[in-house]
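So the structure is just underneath, and the comments pick up after that.
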Amino acid sequence: MDRTLAVESIKKIGQKVKLQGWVDTRRDHGKLIFLDLRDRSGIIQVVCGQEAKSLRPEFVVEIEGEVNKRPKNLVNPKIETGEVEVKATKFTVLNESKTPPFPIDTDGYDIEEDLRLKYRYLDLRRKRLQKNIKLRSKLVEIARQYLFENDFVEIETPILTKSTPEGSRDFIVPSRFQKGKFYALPQSPQQYKQLLMIAGFEKYFQIARCLRDEDLRSDRAFEHTQIDLEMSFVKREDVMAMTEGLATQVFEKMGAKIFKKPFPVFTYEEAMKKFGSDKFDLRAEGEKKPNTFAFAWVVDFPFFVKDANSKWTYSHNPFSDLAPDDKEAFLRGQIEGIKTCQYDLVANGVEMGGGSIRSNDGQILTKVFEVLGHKRKDIEEKFGHMLEAFAYGAPPHGGIACGIDRWLMLLTGEKDIREVIPFPMTSTGRTAVMDAPSDVDKETLKELGIRQL
Ligand code: ASP
C-alpha cells in the first residue's frame, strides 16, 4: 500500500490507508487511545486500542487503518482533517524518541533561545517554524520565477575570495597552500557581479549568502541571504522599476497588500525632513493595517560621510557612481555634498534593499578610494583587478540586493530574524546544534602555519 499524507486522508473516507509520521500527542481514554499523527502535510487523529500504550510523543510510526467520518459532535474545526479520523488496524514503530527537551506543539516563544537552537531540528518541527521555512522556500521560488521571466541568468560567485568592502569586518580563512595568507568570505558578491557585467551577461542574479562580522541584533546575523542582482545598460530608474516589480510580485503572491503603487520616491533630504530617518514608515499611525506594506524609495544620498574619527567614509557603497551633476566638482576636489547614485528600498520602517548605478570609470574609482584614505599602492593591491577590468569595455551597469531574511520577517510578522532562518546563530555567535566556533587541533594549525598567542 502506498503512503497517504495526513491531509490527503480527507479524500479517502471509507478507504484503507497507510500513514507515516510522528506521534504528536497521545490521549488515553480507557480502552481507546487517541493519537495525533503529524507529517509534513499536517495532523490527523488516529484511534487505537491498548496496543498503542507504548507509543510516546515524537516516536516515528507507520499506521494502517480505515478513514472514517467523525460523529458531528466530535468534529474538530481547528484542524484541516477535523472531520475524519483513522481507525488503526496495524501499527509499527519505525523509530523511538527520547522525551524532547521542550514542547513542540506550542509556538515556542517562551523557550530559552540557547536550548531551542541546541535542538533546532526539534524546534523546527513546530508548526510555526515549519510554516516560516516553507514560506522562505516559496519566496525564493517566486523571486526566481520573476527574474527568469525577465531574462536574468542565475550565476554563483565564489565564497573563498578577497575582501570586498560593505562596511563590516571580514571573516577570514587561512590558506594552507600559501601559509600566512588569507581568503576573505564575501560580504557581498559586489565585485563579482560587476565583473559579470563586464563579461557580457547583462542580467545576473543570485540567491547570495553574505558574511559580515558585525554585531548581532534582532534583525541582523553574521550570515544573511540576499536576492542579489545586476543589470547592464540601465539607469537607476530601470533597476528601481525591476526591483519594484520583484517586490510587488513576491509580496502580493504571498498574500500581502502593498500600501501605495508605484512606490513613492523621496530624496534623502526629504526623508530626513519628513520622517527624521531614511528607514521610515510612510503610513500615519491610523493607516497601519495588518499584512500591508508601505514600500518607498530613498535616493540622492551623500556619497561621503564623516566617521567617528572625523575621517571621510562612504555612506553606502564605494563602487557607486557619483550623481552626474556632481562629477565635475568631485574631480576638482569637492567631497562634502557630493551625491551618489544609490537607491534604498524601505518598507514599514525597515531597510529592505539597496543598490546603485556603478562607476565604470577607473579614474573616479581611484579618486573615491583616495578620499577614503587609501594610498595608491594600497588601491592597486586591493582593487587593481577592478580598475584593470574597467579598462576592457565595461558597460554602464547597476544593481541592487534585497535581504530575504528581512522580507520574511515582515511577511511573517516575526520580531526576530532567527525565526525565519533554519539554523541561525545564537545571540552570542555560536552556531545552532553544532556549537561552532570550536577548537582546532595543533596539527591543523601547524599545517596552516598558525601559532596561537
Ligand atoms: N552590494 C550591496 C550590498 O550587499 C548591494 C548592491 O549595491 O548591489 O548591500
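Note on naming: chains are A, B, ... as they come in the C-alpha cells, residues start from 1 per chain, ligands start from 1 in the order shown.
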Distance table requested - range 278-303 of chain A against range 307-317 of chain A, cut-off 10 Å, only C-alpha atoms: one row per qualifying residue with the closest atom pair and its distance in Å to one decimal, ordered by chain and rising residue number, as JSON lines.
{"residue": "A:Phe301", "atom": "CA", "partner": "A:Ser315", "partner_atom": "CA", "distance": 7.7}
{"residue": "A:Pro302", "atom": "CA", "partner": "A:Ser315", "partner_atom": "CA", "distance": 6.8}
{"residue": "A:Phe303", "atom": "CA", "partner": "A:Ser315", "partner_atom": "CA", "distance": 5.6}
Query raised in the report: Excluding same-chain residues fewer than 2 positions from range 213-216 of chain A, what lies within 6 Å of it counting only C-alpha atoms, as a PyMOL selection string?
Result: chain A and resi 169-170+220-222
Written file, previous selection with all heavy atoms, as a CSV table (one decimal), in the first residue's frame:
chain,number,residue,atom,x,y,z
A,169,ARG,N,33.4,44.1,9.2
A,169,ARG,CA,34.6,43.3,9.3
A,169,ARG,C,34.5,42.0,8.4
A,169,ARG,O,33.4,41.5,8.3
A,169,ARG,CB,34.8,42.8,10.7
A,169,ARG,CG,35.8,43.7,11.5
A,169,ARG,CD,36.0,43.2,12.9
A,169,ARG,NE,35.9,44.3,13.8
A,169,ARG,CZ,34.8,44.6,14.5
A,169,ARG,NH1,33.7,43.9,14.5
A,169,ARG,NH2,34.8,45.7,15.3
A,170,ASP,N,35.6,41.5,7.9
A,170,ASP,CA,35.6,40.3,7.1
A,170,ASP,C,35.7,39.1,8.0
A,170,ASP,O,36.4,39.2,9.1
A,170,ASP,CB,36.8,40.3,6.2
A,170,ASP,CG,36.7,41.2,5.0
A,170,ASP,OD1,35.6,41.3,4.5
A,170,ASP,OD2,37.7,41.8,4.6
A,220,ARG,N,19.6,41.3,12.5
A,220,ARG,CA,20.9,41.2,11.8
A,220,ARG,C,21.6,39.9,12.3
A,220,ARG,O,21.6,39.6,13.4
A,220,ARG,CB,21.7,42.4,12.2
A,220,ARG,CG,22.9,42.7,11.4
A,220,ARG,CD,23.6,43.9,11.8
A,220,ARG,NE,23.3,45.1,11.0
A,220,ARG,CZ,23.8,46.3,11.2
A,220,ARG,NH1,24.6,46.5,12.2
A,220,ARG,NH2,23.5,47.2,10.4
A,221,ALA,N,22.3,39.2,11.3
A,221,ALA,CA,23.0,38.0,11.6
A,221,ALA,C,24.4,38.0,11.0
A,221,ALA,O,24.6,38.9,10.1
A,221,ALA,CB,22.2,36.8,11.2
A,222,PHE,N,25.3,37.1,11.3
A,222,PHE,CA,26.6,37.1,10.7
A,222,PHE,C,26.4,36.7,9.2
A,222,PHE,O,27.2,37.2,8.3
A,222,PHE,CB,27.5,36.0,11.3
A,222,PHE,CG,28.1,36.4,12.6
A,222,PHE,CD1,28.5,35.4,13.5
A,222,PHE,CD2,28.3,37.7,13.0
A,222,PHE,CE1,29.0,35.7,14.8
A,222,PHE,CE2,28.9,38.0,14.2
A,222,PHE,CZ,29.2,37.0,15.1
Report task. Enumerate as a VMD selection string all residues of range 28-188 of chain A assigned to strand (DSSP E) by DSSP on the backbone, naming them with the chain letters and numbers the document uses. Result -> chain A and resid 28 to 29 32 to 39 42 to 48 60 to 69 84 to 95 153 to 154 172 to 174 182 to 184
Output file for the selection above: N, CA and C atoms, as a short mmCIF file (atom, residue, chain, number, x, y, z; two decimals), in the first residue's frame:
data_model
loop_
_atom_site.label_atom_id
_atom_site.label_comp_id
_atom_site.auth_asym_id
_atom_site.auth_seq_id
_atom_site.Cartn_x
_atom_site.Cartn_y
_atom_site.Cartn_z
N ASP A 28 -5.04 9.03 26.43
CA ASP A 28 -5.63 7.74 26.85
C ASP A 28 -7.06 7.94 27.31
N HIS A 29 -7.99 7.21 26.69
CA HIS A 29 -9.40 7.26 27.12
C HIS A 29 -9.83 5.85 27.47
N LEU A 32 -9.66 3.04 24.69
CA LEU A 32 -9.21 3.67 23.45
C LEU A 32 -8.06 4.64 23.70
N ILE A 33 -7.16 4.66 22.75
CA ILE A 33 -6.07 5.64 22.81
C ILE A 33 -6.15 6.48 21.54
N PHE A 34 -6.14 7.79 21.73
CA PHE A 34 -6.18 8.69 20.57
C PHE A 34 -4.78 9.25 20.32
N LEU A 35 -4.35 9.11 19.09
CA LEU A 35 -3.05 9.70 18.72
C LEU A 35 -3.31 10.83 17.74
N ASP A 36 -2.53 11.89 17.84
CA ASP A 36 -2.46 12.82 16.73
C ASP A 36 -1.19 12.46 16.00
N LEU A 37 -1.34 12.14 14.71
CA LEU A 37 -0.17 11.78 13.92
C LEU A 37 0.20 12.97 13.05
N ARG A 38 1.49 13.29 13.03
CA ARG A 38 1.93 14.50 12.31
C ARG A 38 2.85 14.11 11.16
N ASP A 39 2.61 14.67 10.00
CA ASP A 39 3.58 14.54 8.91
C ASP A 39 3.72 15.90 8.25
N GLY A 42 0.39 17.92 7.79
CA GLY A 42 -0.43 18.37 8.93
C GLY A 42 -0.63 17.26 9.94
N ILE A 43 -1.82 17.28 10.58
CA ILE A 43 -2.09 16.37 11.70
C ILE A 43 -3.39 15.61 11.43
N ILE A 44 -3.43 14.35 11.86
CA ILE A 44 -4.69 13.61 11.75
C ILE A 44 -4.87 12.77 13.02
N GLN A 45 -6.13 12.62 13.44
CA GLN A 45 -6.40 11.81 14.63
C GLN A 45 -6.48 10.34 14.26
N VAL A 46 -5.81 9.52 15.09
CA VAL A 46 -5.83 8.07 14.88
C VAL A 46 -6.40 7.43 16.15
N VAL A 47 -7.33 6.51 15.97
CA VAL A 47 -7.91 5.82 17.14
C VAL A 47 -7.29 4.43 17.22
N CYS A 48 -6.68 4.12 18.37
CA CYS A 48 -6.02 2.82 18.54
C CYS A 48 -6.56 2.14 19.80
N VAL A 60 8.43 7.71 15.74
CA VAL A 60 8.09 7.67 14.32
C VAL A 60 7.34 6.37 14.07
N VAL A 61 6.15 6.49 13.50
CA VAL A 61 5.31 5.30 13.37
C VAL A 61 4.71 5.16 11.97
N GLU A 62 4.34 3.92 11.68
CA GLU A 62 3.58 3.65 10.46
C GLU A 62 2.25 3.06 10.91
N ILE A 63 1.18 3.60 10.39
CA ILE A 63 -0.14 3.14 10.83
C ILE A 63 -0.99 2.78 9.62
N GLU A 64 -1.61 1.61 9.69
CA GLU A 64 -2.58 1.26 8.64
C GLU A 64 -3.96 1.28 9.29
N GLY A 65 -4.95 1.68 8.54
CA GLY A 65 -6.30 1.72 9.10
C GLY A 65 -7.28 2.28 8.11
N GLU A 66 -8.51 2.48 8.62
CA GLU A 66 -9.56 2.95 7.72
C GLU A 66 -9.94 4.38 8.09
N VAL A 67 -10.17 5.19 7.06
CA VAL A 67 -10.56 6.58 7.30
C VAL A 67 -12.07 6.61 7.54
N ASN A 68 -12.48 7.16 8.68
CA ASN A 68 -13.91 7.26 8.99
C ASN A 68 -14.30 8.71 9.22
N LYS A 69 -15.54 9.01 8.91
CA LYS A 69 -16.08 10.33 9.25
C LYS A 69 -16.28 10.37 10.76
N VAL A 84 -12.49 13.90 10.04
CA VAL A 84 -12.25 12.46 9.90
C VAL A 84 -11.30 11.95 10.99
N GLU A 85 -11.19 10.64 11.08
CA GLU A 85 -10.16 10.02 11.93
C GLU A 85 -9.83 8.67 11.30
N VAL A 86 -8.69 8.13 11.68
CA VAL A 86 -8.30 6.84 11.12
C VAL A 86 -8.39 5.79 12.22
N LYS A 87 -9.13 4.74 11.96
CA LYS A 87 -9.22 3.64 12.93
C LYS A 87 -8.10 2.68 12.62
N ALA A 88 -7.13 2.62 13.53
CA ALA A 88 -5.91 1.83 13.23
C ALA A 88 -6.19 0.34 13.30
N THR A 89 -5.62 -0.40 12.32
CA THR A 89 -5.72 -1.86 12.37
C THR A 89 -4.33 -2.45 12.60
N LYS A 90 -3.30 -1.65 12.29
CA LYS A 90 -1.95 -2.17 12.44
C LYS A 90 -1.02 -0.97 12.66
N PHE A 91 -0.09 -1.10 13.60
CA PHE A 91 0.91 -0.03 13.62
C PHE A 91 2.30 -0.58 13.90
N THR A 92 3.27 0.09 13.36
CA THR A 92 4.66 -0.31 13.50
C THR A 92 5.46 0.90 13.98
N VAL A 93 6.34 0.67 14.96
CA VAL A 93 7.23 1.76 15.39
C VAL A 93 8.45 1.75 14.45
N LEU A 94 8.66 2.84 13.74
CA LEU A 94 9.82 2.92 12.83
C LEU A 94 11.05 3.42 13.57
N ASN A 95 10.82 4.26 14.58
CA ASN A 95 11.92 4.72 15.41
C ASN A 95 11.37 5.32 16.69
N VAL A 153 20.02 35.68 -15.62
CA VAL A 153 20.76 34.42 -15.55
C VAL A 153 21.20 34.24 -14.09
N GLU A 154 20.98 33.07 -13.54
CA GLU A 154 21.40 32.82 -12.15
C GLU A 154 22.84 32.32 -12.17
N ILE A 172 37.78 35.77 7.90
CA ILE A 172 38.91 35.35 7.08
C ILE A 172 39.23 33.87 7.28
N VAL A 173 39.78 33.28 6.23
CA VAL A 173 40.07 31.85 6.20
C VAL A 173 41.53 31.66 5.82
N PRO A 174 42.30 30.99 6.68
CA PRO A 174 43.73 30.82 6.36
C PRO A 174 43.96 29.87 5.19
N PHE A 182 45.52 34.79 3.56
CA PHE A 182 44.12 34.53 3.95
C PHE A 182 43.14 34.85 2.84
N TYR A 183 42.09 34.05 2.78
CA TYR A 183 40.93 34.41 1.95
C TYR A 183 40.00 35.23 2.85
N ALA A 184 39.10 35.99 2.21
CA ALA A 184 38.02 36.61 2.98
C ALA A 184 36.73 36.00 2.48
#
**Report entry** Counting only C-alpha atoms, the option among A:Ser188, A:Thr248, A:Thr4, A:Thr267 closest to Lys18 in chain A
**Finding:** A:Thr4
Compute the set of protein, DNA and RNA residues whose minimum atom distance to ligand 1 is at most 7 Å, using only C-alpha atoms and all ligand atoms, and state it as a CSV table (one decimal) with C-alpha atoms, in the first residue's frame.
chain,number,residue,atom,x,y,z
A,166,GLU,CA,30.4,46.6,2.6
A,187,GLN,CA,30.4,40.5,2.5
A,188,SER,CA,28.5,40.5,-0.8
A,189,PRO,CA,29.1,39.4,-4.4
A,190,GLN,CA,29.5,43.1,-5.4
A,228,ASP,CA,21.4,40.0,-5.5
A,229,LEU,CA,21.1,41.3,-9.0
A,230,GLU,CA,23.0,43.4,-11.5
A,317,ASN,CA,29.0,51.6,-1.5
A,354,GLY,CA,19.8,48.9,-1.5
A,355,GLY,CA,21.8,49.3,-4.7
A,356,SER,CA,23.3,51.7,-7.1
A,399,GLY,CA,22.2,46.6,-9.4
A,400,ILE,CA,20.6,46.0,-6.0
A,401,ALA,CA,20.5,43.5,-3.2
